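Below you'll find the structure, written out as structure tokens, and then a few comments.
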Amino acid sequence: METDDAVRQIASRAKTAPADLARGPLAVVSANLDHIAHFGTEGRWFDTLDLPLSAGGKGSTNWLTLVDGAPLAAEAERLTGRPWPRLAGSDLIGPLLDEAEANGTSVGFVGGSKLVQRLLSRTLTRTRPDLIIAGMWSPDRSVLADQVASQDLAESIREARVQLLVVGLGKPRQELWIAEYGPMTGANVLLAFGAVVDFLAGGIKRAPLWASSRGLEWAWRLALEPRRLARRYLVDDPPSYFRMRRDSFVPGPGFPSVIVPPTTDAPFIIGGTSDGSFALTGEPADVVVVVVTFNSADQLGGLLASLRREARSLRLRVVVAENDSSDGTVEVLAAHPDVVALSTGGNLGYAAGINAATRVPGDSKAILVLNPDLRVEPGAVSSLYRRMVSADAGIVVPKLLDDDGVTYPSLRREPSITRALGDALMGSRFRGRPRWLSEIDVDAESYRHAHRFDWATGAALLVRSDLAALLGDWDDQFFLYSEEVDYCRRARTFGAGLWYEPSARMFHSRGGSGASPALNALLAVNRVRYVRKYHSRPYTAVFRAAVVLSETLRLTLPAHRGVLRTVLNERIWDRLPGPTASMRAVWPLGDFPRGSVVIPAHNEEAVLARTLRPLAALAAAGRIEIVVACNGCTDATADIARSFEGVQVIEIGEASKTAALNAGDVAATFWPRVYLDADIEMSPAALRMVVDRLAHGGVLAARPAFRYDPHGAGFLVRSYYRARSRARPVRSALWGAGVYGVSEAGHARFGTFPEVTADDLLMDALFTDTEKTVVSTPPVRVRTPRTARALLFVLRRTYRGNAELRTHDAERSDALLSPHRTLLELMCSIRGPVTAFDTAIYTAFAVMARACDLPPSAGRRQTAWERDESSRQR
């Protein structure tokens with residue numbers, strides 16, 4: 001706009017009768033680099049001004065954004081080829097007050113100190129005697145930070161019948177206040193004009209013409225107020241300038257002239273119940289509340305009581321995933337029959353517990369994930385729900401308060417190297433440092449207004465149901481910590497808006513997970529695991545170095561004892577807290593998902609009972625179909641299998657694992673299907689997690705986590721398996737655990753098992769990295785050979801199976817069977833003399849096994865069943 005056009009439009013709107021303002025008031029803002037820093041696409045307050053409703057629910061605000069800063073005007077001229085006038089608030093305010101005086105428009109001023117306002121009143125009385133000044137307000141920050149006080153301020157302005165309100169609170173506070181409370185003031189036009197009040201009162205000198213005409217007004221103001229403006233002009237504005245040059249463009253034909261934020265149709269509200277009861281399984285609900293408990297008896301009662309208050313306005317279904325508590329949590333749940341209690345069969349972690357709870361059937365608009373140590377303030381869930389609808393948000397989080405009422409800084413920024421370094425070196429000091437130097441958002445202003453965020457602590461998140469279905473499972477490789485970072489990142493990748501809602505308040509005791517050096521070590525390690533998941537090896541290495549620096553600087557703190565050693569030594573990461581199966585003799589998984597387990601067995605009488613025993617109750621109840629395929633057995637294997645109720649036994653004469661797998665497939669009727677070696681012990685919790693992931697996780701093949709058990713093994717064997725555990729394929733491939741599963745669609749990929757020894761390696765070759773996964777279950781137990789001779793025997797059979805697979809499918813197998821790559825990875829993982837020795841032993845065994853074996857093409861016929869007998873001893 002030209003200056004005259006802008007003045008005419010604003011003045012015309014200001015004198016409009018309030019009854020004609022059905023669309024809400026007009027808010028005028030001058031855009032400069034500082035505006036981009038706060039409200040641009042990478043600013044903290046991006047999209048905040050475009051929300052359709054204010055905090056008071058009095059209607060929406062319409063924004064007129066004028067080009068102010070010289071860099072913006074120059075960029076606009078470069079892009080369009082024509083001059084662009086600068087419409088600064090300090091230039092517009094004079095003509096606008098002239099129009100107001102001529103039209104009889106009442107004017108009000110918000111901002112500036114009381115002294116400045118007295119000077120302003122004297123100046124305006126002298127220079128504009130006919131101007132109607134309806135009032136002046138000088139609120140301090142405590143008023144602006146308090147919702148009730150801000151509403152009282154807005155009501156006071158409404159009572160004064162202000163038509164044109166000048167708001168000079170400084171950016172971004174003035175724009176945020178206008179967005180939330182502007183419609184409540186009753187003003188026709190609100191001018192977000194920053195320091196205009198000081199300019200009018202003569203408190204700040206305007207830049208001379210020679211400075212403003214050359215785009216040097218910023219330098220003039222910096223010289224006058226260096227302490228207040230140094231960060232704005234020297235720290236915040238330069239990145240905004242480069243973003244503007246990088247991202248600005250001229251809209252082409254068909255590009256909308258006004259970008260309207262997407263809106264969600266008002267959801268159907270089922271409504272609450274008078275007694276605060278919860279919806280049962282399968283019943284529709286507005287919100288499904290998911291709680292994961294582990295020894296949470298002391299906190300759970302308070303949470304459920306606060307949720308019952310919310311259930312009077314919204315229809316809630318509460319699902320609790322119980323992670324094998326031993327403190328009375330189960331008894332607390334038993335006292336609430338309308339709470340859907342789901343025993344997970346072990347301590348599976350936070351992400352896995354959420355995944356199990358979200359399997360419970362029933363329609364809802366949203367899923368609310370809550371820690372058990374929360375207390376929900378009245379109306380909090382409804383506020384989250386309203387923000388989800390008004391902002392079309394995918395995830396909404398509340399304001400979290402400590403027990404003493406102090407706001408907890410729950411908002412976070414995406415992890416990066418610079419932020420990790422900043423937090424390592426400065427910790428909680430220098431709280432006003434730039435955003436790129438801190439992952440934690442500690443700015444009090446961030447917790448006063450609704451806005452977008454990168455991620456927030458996982459204590460409380462409302463997730464839109466359609467987004468939850470799109471994202472699938474939470475990543476359970478993060479037993480505790482970083483699972484919410486990963487989930488929020490995936491949500492942002494899908495374009496979902498993540499919003500913070502300050503009017504939704506919850507008290508958080510922050511004691512649900514406990515505190516210990518082991519948990520702090522897990523927190524540090526999972527930060528590295530998260531970065532490794534999304535970034536390159538060099539980036540991860542530098543980030544890990546920043547974590548090491550952080551722990552080095554905190555080495556003497558009791559809570560960080562041993563953390564540095566853990567971060568440095570990846571060999572002991574698997575000793576950190578992780579999923580464990582329940583050891584109690586109780587029905588572990590009440591609503592176990594359907595699936596089939598096929599167990600090929602050849603003369604396995606020594607080990608089959610210990611494999612079947614953990615799963616026997618599931619087979620007897622008909623929850624899981626277990627098929628034992630005895631192939632060429634000459635011992636009591638079949639009789640032992642038949643002794644377990646519900647286990648189906650088939651016998652074939654051929655001593656062939658492949659034949660047994662295919663025969664088991666013919667007999668089995670359920671999907672997904674898990675193939676389990678007869679000497680592998682798998683807990684019900686691990687089986688459930690694998691079946692769940694195959695049925696609902698969007699993958700075609702999966703295996704559980706496993707752990708080598710070298711009990712009884714010799715020194716050299718233990719050294720070999722320590723090295724092998726460091727190889728990445730062992731951690732990420734389908735082979736090695738003696739168990740894997742496929743969905744029905746995954747099984748269709750191969751139809752029947754071909755004649756190859758390495759069936760698990762074949763499965764790994766058939767599926768891409770996005771089609772297969774390793775589920776972070778309680779680890780299955782893989783017994784290692786006990787002697788070096790037995791290990792060589794196993795390795796010779798392994799390499800022979802690899803050769804068979806190359807013959808069967810050379811293209812796929814070549815990418816997987818690279819001894820040079822494995823050796824290179826082991827060499828890179830050497831961290832000292834112990835790991836170097838282990839790598840040498842691994843290499844020696846590999847060389848000897850290959851040298852002592854003859855390939856199948858040499859004509860040697862295998863007459864005996866090849867396997868390690870040392871680990872099968874009773």
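Within each chain, counting starts at residue 1; across the structure tokens, chains are named A, B, ... in the order shown, with ligands numbered 1 upward in that order.
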
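The set of residues in region 101-236 of chain A assigned to strand (DSSP E) by DSSP, using only backbone atoms of this structure, is Ser106, Val107, Gly108, Phe109, Val110, Ile132, Ile133, Ala134, Gly135, Met136, Trp137, Leu164, Leu165, Val166, Val167, Val189, Leu190, Leu191 and Ala192 of chain A.
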
Just how far from CA of Glu654 (chain A) is CA of Pro672 (chain A), in Å to one decimal? 26.3 Å
